[in-house]
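Reading through the structure tokens given below for one structure.
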Amino acid sequence: MSPAPLAGGFCFGEGPRWFEGLLWFSDMLGEAIHTVDLQGSMTTVPVPGHTPTGLGFRPDGSLLIASAEDRQVLHYDGDTITTLADLSDRVPANLGDMVIDANGGSYIGSQAYTGGVIVRVDPDARVHTVAEDLDFPNGMVITADGGTLIVAESMGRRLTAFTLGADGGLHDRRIFADTLDGPPDGIALDAAGGVWTSMTLAHQFERITEGGTVTHRIDIGDRAAIACTLGGPQRRTLFLLSSTDAYPKRLIGTRESRLDMVTVEIPGAGLP
């Protein structure tokens, strides 16, 4: 698989999501959300004073944004950005990735190296801690049947699965895959149950099945693999965000992050 470049010129891309014909992603250090179409035309939504990371679309089409450093969840209705929830007194570390379930509940990781948590923010902004003692929870997906949430634990070098209960709680914690080739970051789920994973320090994107078998690898040279998602026609386009460094603070003021894409055989499934 040889990915093709789609867009560049931003600082640190995170949280890609395909929605209504566009690829949306955060520019964490650029204080912005970008959209890109399949021809590479990019538009920008400024998010001044915030460090946007995880993104998710509610059933009503509005966008939620996890703001890392101030630990807030922002709401964008297409015109204005407001604060939905302040999690600064509920989480031990900065916010990271997000996934939203079919009912509009958002699951957001707090990226402590040990003792990380996942919180759920209900549509009415009530906050619940639904998972604890995670090693830097990062990318998350929900299976097509709504019954399982999978999270990348970057420092643990594993993917961890939970049963997603009818009450929105996470139960029956178990290993999906461990002893990975690198710290996993953003992830995407396909219709055969495989998880595409950004192997940050291993400089590649991998497709991993339950139990840990790697079926595909996409090498990106000396770049850091940051995040990926499946979208485009039939959800068979794998969008790949990469950077020149895995540590965002080293990239302040630069514009060397990149968005690539490649067509895959198995389409995306589930959420996001």
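FYI, nothing fancy with the structure tokens labels: chains A, B, ... in order, residues from 1 per chain, ligands from 1 as they appear.
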
- Test item: residues at most 12 Å from Arg71 (chain A), only C-alpha atoms, excluding those fewer than 2 positions along its chain, as JSON, numbers by chain: {"A": [50, 51, 52, 53, 54, 65, 66, 67, 68, 69, 73, 74, 83, 84, 85, 86, 87, 88, 89, 90, 91, 92, 93, 94, 95, 96, 97, 108, 109, 110, 111, 119]}

Restricting the output to N, CA, C and O atoms, write the selected residues as a tab-separated table (two decimals), in the first residue's frame.
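Resulting contents of out32.tsv:
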chain	number	residue	atom	x	y	z
A	50	HIS	N	-7.56	27.48	22.58
A	50	HIS	CA	-7.77	26.08	22.92
A	50	HIS	C	-6.76	25.20	22.18
A	50	HIS	O	-6.16	25.61	21.19
A	51	THR	N	-6.61	23.97	22.67
A	51	THR	CA	-5.75	22.97	22.03
A	51	THR	C	-6.62	21.78	21.64
A	51	THR	O	-6.71	20.79	22.38
A	52	PRO	N	-7.30	21.85	20.50
A	52	PRO	CA	-8.25	20.80	20.13
A	52	PRO	C	-7.55	19.48	19.84
A	52	PRO	O	-6.49	19.44	19.22
A	53	THR	N	-8.15	18.39	20.32
A	53	THR	CA	-7.62	17.04	20.06
A	53	THR	C	-8.74	16.18	19.50
A	53	THR	O	-9.01	16.20	18.32
A	54	GLY	N	-9.40	15.38	20.35
A	54	GLY	CA	-10.44	14.48	19.88
A	54	GLY	C	-11.66	15.22	19.35
A	54	GLY	O	-12.06	16.25	19.89
A	65	ILE	N	-15.64	18.89	20.55
A	65	ILE	CA	-14.20	19.05	20.46
A	65	ILE	C	-13.62	18.89	21.86
A	65	ILE	O	-14.03	19.60	22.79
A	66	ALA	N	-12.67	17.97	22.03
A	66	ALA	CA	-11.94	17.88	23.29
A	66	ALA	C	-10.78	18.86	23.23
A	66	ALA	O	-9.95	18.80	22.33
A	67	SER	N	-10.73	19.78	24.19
A	67	SER	CA	-9.64	20.74	24.27
A	67	SER	C	-8.67	20.25	25.33
A	67	SER	O	-9.02	20.18	26.52
A	68	ALA	N	-7.45	19.89	24.90
A	68	ALA	CA	-6.54	19.12	25.74
A	68	ALA	C	-6.15	19.82	27.03
A	68	ALA	O	-6.38	19.32	28.13
A	69	GLU	N	-5.54	20.98	26.91
A	69	GLU	CA	-4.87	21.57	28.06
A	69	GLU	C	-5.81	22.19	29.06
A	69	GLU	O	-5.56	22.14	30.27
A	73	VAL	N	-14.75	20.28	27.10
A	73	VAL	CA	-15.42	19.74	25.92
A	73	VAL	C	-16.21	20.89	25.30
A	73	VAL	O	-17.07	21.50	25.95
A	74	LEU	N	-15.88	21.19	24.05
A	74	LEU	CA	-16.49	22.31	23.34
A	74	LEU	C	-17.56	21.80	22.38
A	74	LEU	O	-17.50	20.68	21.89
A	83	THR	N	-18.72	26.17	25.43
A	83	THR	CA	-18.23	25.12	26.32
A	83	THR	C	-19.40	24.26	26.79
A	83	THR	O	-20.35	24.76	27.38
A	84	LEU	N	-19.31	22.95	26.50
A	84	LEU	CA	-20.34	22.02	26.95
A	84	LEU	C	-20.05	21.54	28.36
A	84	LEU	O	-20.95	21.45	29.20
A	85	ALA	N	-18.79	21.19	28.65
A	85	ALA	CA	-18.44	20.65	29.96
A	85	ALA	C	-16.99	20.99	30.29
A	85	ALA	O	-16.12	20.93	29.41
A	86	ASP	N	-16.76	21.33	31.54
A	86	ASP	CA	-15.41	21.55	32.05
A	86	ASP	C	-15.04	20.34	32.89
A	86	ASP	O	-15.67	20.07	33.91
A	87	LEU	N	-14.02	19.60	32.44
A	87	LEU	CA	-13.64	18.36	33.11
A	87	LEU	C	-12.40	18.53	33.98
A	87	LEU	O	-11.83	17.54	34.45
A	88	SER	N	-11.96	19.75	34.19
A	88	SER	CA	-10.68	19.98	34.87
A	88	SER	C	-10.65	19.42	36.28
A	88	SER	O	-9.58	19.06	36.78
A	89	ASP	N	-11.81	19.31	36.95
A	89	ASP	CA	-11.82	18.73	38.29
A	89	ASP	C	-12.24	17.26	38.30
A	89	ASP	O	-12.43	16.67	39.36
A	90	ARG	N	-12.34	16.66	37.09
A	90	ARG	CA	-12.80	15.27	36.99
A	90	ARG	C	-11.75	14.34	36.40
A	90	ARG	O	-11.94	13.12	36.42
A	91	VAL	N	-10.68	14.88	35.85
A	91	VAL	CA	-9.70	14.05	35.15
A	91	VAL	C	-8.30	14.35	35.66
A	91	VAL	O	-8.01	15.47	36.10
A	92	PRO	N	-7.37	13.35	35.59
A	92	PRO	CA	-6.03	13.54	36.13
A	92	PRO	C	-5.01	14.14	35.17
A	92	PRO	O	-3.89	14.47	35.57
A	93	ALA	N	-5.37	14.27	33.88
A	93	ALA	CA	-4.40	14.73	32.88
A	93	ALA	C	-5.16	15.32	31.70
A	93	ALA	O	-6.39	15.32	31.66
A	94	ASN	N	-4.40	15.84	30.73
A	94	ASN	CA	-5.00	16.46	29.56
A	94	ASN	C	-5.92	15.51	28.81
A	94	ASN	O	-5.75	14.29	28.86
A	95	LEU	N	-6.87	16.08	28.08
A	95	LEU	CA	-7.80	15.28	27.29
A	95	LEU	C	-7.16	14.86	25.98
A	95	LEU	O	-6.27	15.52	25.47
A	96	GLY	N	-7.63	13.72	25.45
A	96	GLY	CA	-7.11	13.20	24.19
A	96	GLY	C	-8.23	12.91	23.22
A	96	GLY	O	-9.00	13.78	22.85
A	97	ASP	N	-8.34	11.66	22.82
A	97	ASP	CA	-9.28	11.28	21.77
A	97	ASP	C	-10.70	11.14	22.31
A	97	ASP	O	-10.94	11.12	23.52
A	108	ILE	N	-14.35	10.19	26.34
A	108	ILE	CA	-13.15	11.01	26.18
A	108	ILE	C	-12.07	10.48	27.10
A	108	ILE	O	-12.30	10.24	28.29
A	109	GLY	N	-10.87	10.31	26.57
A	109	GLY	CA	-9.76	9.82	27.36
A	109	GLY	C	-8.98	10.95	28.01
A	109	GLY	O	-8.77	12.01	27.41
A	110	SER	N	-8.55	10.72	29.25
A	110	SER	CA	-7.65	11.63	29.95
A	110	SER	C	-6.30	10.93	30.02
A	110	SER	O	-6.17	9.87	30.64
A	111	GLN	N	-5.26	11.54	29.42
A	111	GLN	CA	-4.05	10.83	29.04
A	111	GLN	C	-2.96	10.85	30.12
A	111	GLN	O	-1.83	11.28	29.86
A	119	VAL	N	-13.92	9.27	30.56
A	119	VAL	CA	-15.16	9.83	31.08
A	119	VAL	C	-16.20	9.84	29.97
A	119	VAL	O	-15.86	9.93	28.78

- Task: Within 9 Å of Leu22 (chain A), counting only C-alpha atoms, which residues show up once you throw out same-chain ones fewer than 4 positions away? Write them as a PyMOL selection string, please.
- Result: chain A and resi 17-18+35-38+231-232

- Min atom-atom distance to His203 (chain A) from the set A:Ile187, A:Gly105, A:Leu230, A:Ala246, counting only C-alpha atoms, belongs to A:Ala246

- Message: Let's see if you can do this: from backbone DSSP, list all strand (DSSP E or B) residues in region 6-241 of chain A, as a PyMOL selection string.
- Response: chain A and resi 6-10+13-19+22-27+32-36+42-46+52-57+63-67+72-76+81-86+95-100+106-110+116-121+127-134+137-142+148-153+158-164+170-177+184-190+195-199+204-208+214-219+224-231+237-241

- Item | Pick from A:Ala227, A:Ala32, A:Ile150, A:Met42 nearest to Ala7 (chain A), counting only C-alpha atoms |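 That would be A:Met42, the residue with the smallest distance to Ala7 (chain A).
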
- Task: Between CA of Leu259 (chain A) and CA of Pro137 (chain A), measure the distance and give it in Å to one decimal.
- Result: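 Pair CA of Leu259 (chain A) / CA of Pro137 (chain A) returns 22.9 Å.
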
- Closest to Glu153 (chain A) among A:Ile266, A:Val214, A:Leu180, A:Met1, using only C-alpha atoms?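 Ranking A:Ile266, A:Val214, A:Leu180, A:Met1 by distance to Glu153 (chain A), first place goes to A:Leu180.
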
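Proximity to Asp185 (chain A) was assessed for A:Gln204, A:Thr213, A:Ser154, A:Thr160 counting only C-alpha atoms; the smallest distance is recorded for A:Ser154.
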
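With only C-alpha atoms as the atoms that count, the residue of A:Ala202, A:Val195, A:Cys228, A:Ile81 with the shortest distance to Ile142 (chain A) is A:Val195.
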
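Here the question is which of A:Leu64, A:Leu240, A:Leu271, A:Val130 gets nearest to Leu23 (chain A) using only C-alpha atoms, and that residue is A:Leu240.
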
- From a DSSP pass on the backbone, collect the residues of region 54-257 of chain A flagged as helix (DSSP H, G or I) and hand them back as number ranges by chain. A: 200-202, 233-235, 248-251

Selection from above, N, CA and C atoms, as a JSON list (two decimals), in the first residue's frame, can you write it?
[["chain", "number", "residue", "atom", "x", "y", "z"],
["A", 200, "THR", "N", 2.88, 5.08, 16.63],
["A", 200, "THR", "CA", 3.57, 6.37, 16.63],
["A", 200, "THR", "C", 5.08, 6.25, 16.42],
["A", 201, "LEU", "N", 5.76, 5.61, 17.35],
["A", 201, "LEU", "CA", 7.23, 5.57, 17.32],
["A", 201, "LEU", "C", 7.76, 4.49, 16.39],
["A", 202, "ALA", "N", 6.89, 3.61, 15.88],
["A", 202, "ALA", "CA", 7.31, 2.59, 14.93],
["A", 202, "ALA", "C", 7.24, 3.09, 13.49],
["A", 233, "PRO", "N", -15.75, 7.34, -0.17],
["A", 233, "PRO", "CA", -16.75, 6.47, -0.80],
["A", 233, "PRO", "C", -16.69, 5.05, -0.24],
["A", 234, "GLN", "N", -17.83, 4.54, 0.21],
["A", 234, "GLN", "CA", -17.94, 3.20, 0.80],
["A", 234, "GLN", "C", -17.04, 3.01, 2.02],
["A", 235, "ARG", "N", -16.54, 4.10, 2.58],
["A", 235, "ARG", "CA", -15.64, 4.05, 3.75],
["A", 235, "ARG", "C", -14.42, 3.18, 3.48],
["A", 248, "PRO", "N", 4.08, 16.77, 20.57],
["A", 248, "PRO", "CA", 3.57, 18.02, 20.01],
["A", 248, "PRO", "C", 4.35, 19.26, 20.40],
["A", 249, "LYS", "N", 4.79, 19.35, 21.65],
["A", 249, "LYS", "CA", 5.43, 20.57, 22.12],
["A", 249, "LYS", "C", 6.70, 20.91, 21.32],
["A", 250, "ARG", "N", 7.33, 19.91, 20.74],
["A", 250, "ARG", "CA", 8.53, 20.17, 19.94],
["A", 250, "ARG", "C", 8.21, 20.80, 18.59],
["A", 251, "LEU", "N", 6.92, 20.85, 18.24],
["A", 251, "LEU", "CA", 6.52, 21.29, 16.90],
["A", 251, "LEU", "C", 5.85, 22.64, 16.89]]

- d(CA of Gly186 (chain A), CA of His34 (chain A)) in Å: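 Between these atoms lies a distance of 17.0 Å.
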
- Find the spatial neighbours of Gly212 (chain A), counting only C-alpha atoms, within a cut-off of 9 Å - ignore same-chain residues fewer than 4 positions away - and output them as a PyMOL selection string. chain A and resi 158-159+176-180+208

- Task: Using CA of Gly9 (chain A) and CA of Thr197 (chain A) as the two end points, give the distance in Å to one decimal.
- Result: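 CA of Gly9 (chain A) sits 23.4 Å away from CA of Thr197 (chain A).
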
- Message: Residues near Ile100 (chain A), anyone? I mean within 8 Å using only C-alpha atoms, not counting same-chain ones fewer than 3 positions away, as a count of residues only.
- Response: 10

- Message: If we count only C-alpha atoms and set the cut-off at 7 Å, which residues sit around Val264 (chain A), ignoring sequence neighbours fewer than 5 positions away in its own chain? Please answer as JSON, numbers by chain.
- Response: {"A": [236, 237, 238]}

Those selected residues, please, written with all heavy atoms and delivered as a PDB file, in the first residue's frame.
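File out.pdb, as written:
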ATOM      1  N   ARG A 236     -13.910   3.244   2.251  1.00  0.00           N
ATOM      2  CA  ARG A 236     -12.741   2.442   1.897  1.00  0.00           C
ATOM      3  C   ARG A 236     -11.487   3.300   1.711  1.00  0.00           C
ATOM      4  O   ARG A 236     -10.477   2.818   1.219  1.00  0.00           O
ATOM      5  CB  ARG A 236     -13.007   1.623   0.631  1.00  0.00           C
ATOM      6  CG  ARG A 236     -14.039   0.505   0.842  1.00  0.00           C
ATOM      7  CD  ARG A 236     -14.242  -0.340  -0.410  1.00  0.00           C
ATOM      8  NE  ARG A 236     -12.992  -0.967  -0.811  1.00  0.00           N
ATOM      9  CZ  ARG A 236     -12.396  -0.763  -1.989  1.00  0.00           C
ATOM     10  NH1 ARG A 236     -12.909   0.092  -2.862  1.00  0.00           N
ATOM     11  NH2 ARG A 236     -11.268  -1.393  -2.292  1.00  0.00           N
ATOM     12  N   THR A 237     -11.555   4.552   2.136  1.00  0.00           N
ATOM     13  CA  THR A 237     -10.375   5.415   2.130  1.00  0.00           C
ATOM     14  C   THR A 237      -9.834   5.506   3.556  1.00  0.00           C
ATOM     15  O   THR A 237     -10.557   5.914   4.468  1.00  0.00           O
ATOM     16  CB  THR A 237     -10.700   6.817   1.604  1.00  0.00           C
ATOM     17  OG1 THR A 237     -11.252   6.720   0.289  1.00  0.00           O
ATOM     18  CG2 THR A 237      -9.444   7.682   1.572  1.00  0.00           C
ATOM     19  N   LEU A 238      -8.588   5.113   3.718  1.00  0.00           N
ATOM     20  CA  LEU A 238      -7.930   5.231   5.008  1.00  0.00           C
ATOM     21  C   LEU A 238      -7.139   6.538   5.009  1.00  0.00           C
ATOM     22  O   LEU A 238      -6.225   6.726   4.205  1.00  0.00           O
ATOM     23  CB  LEU A 238      -6.996   4.042   5.248  1.00  0.00           C
ATOM     24  CG  LEU A 238      -6.241   4.022   6.580  1.00  0.00           C
ATOM     25  CD1 LEU A 238      -7.193   3.882   7.758  1.00  0.00           C
ATOM     26  CD2 LEU A 238      -5.199   2.901   6.584  1.00  0.00           C
TER      27      LEU A 238
END
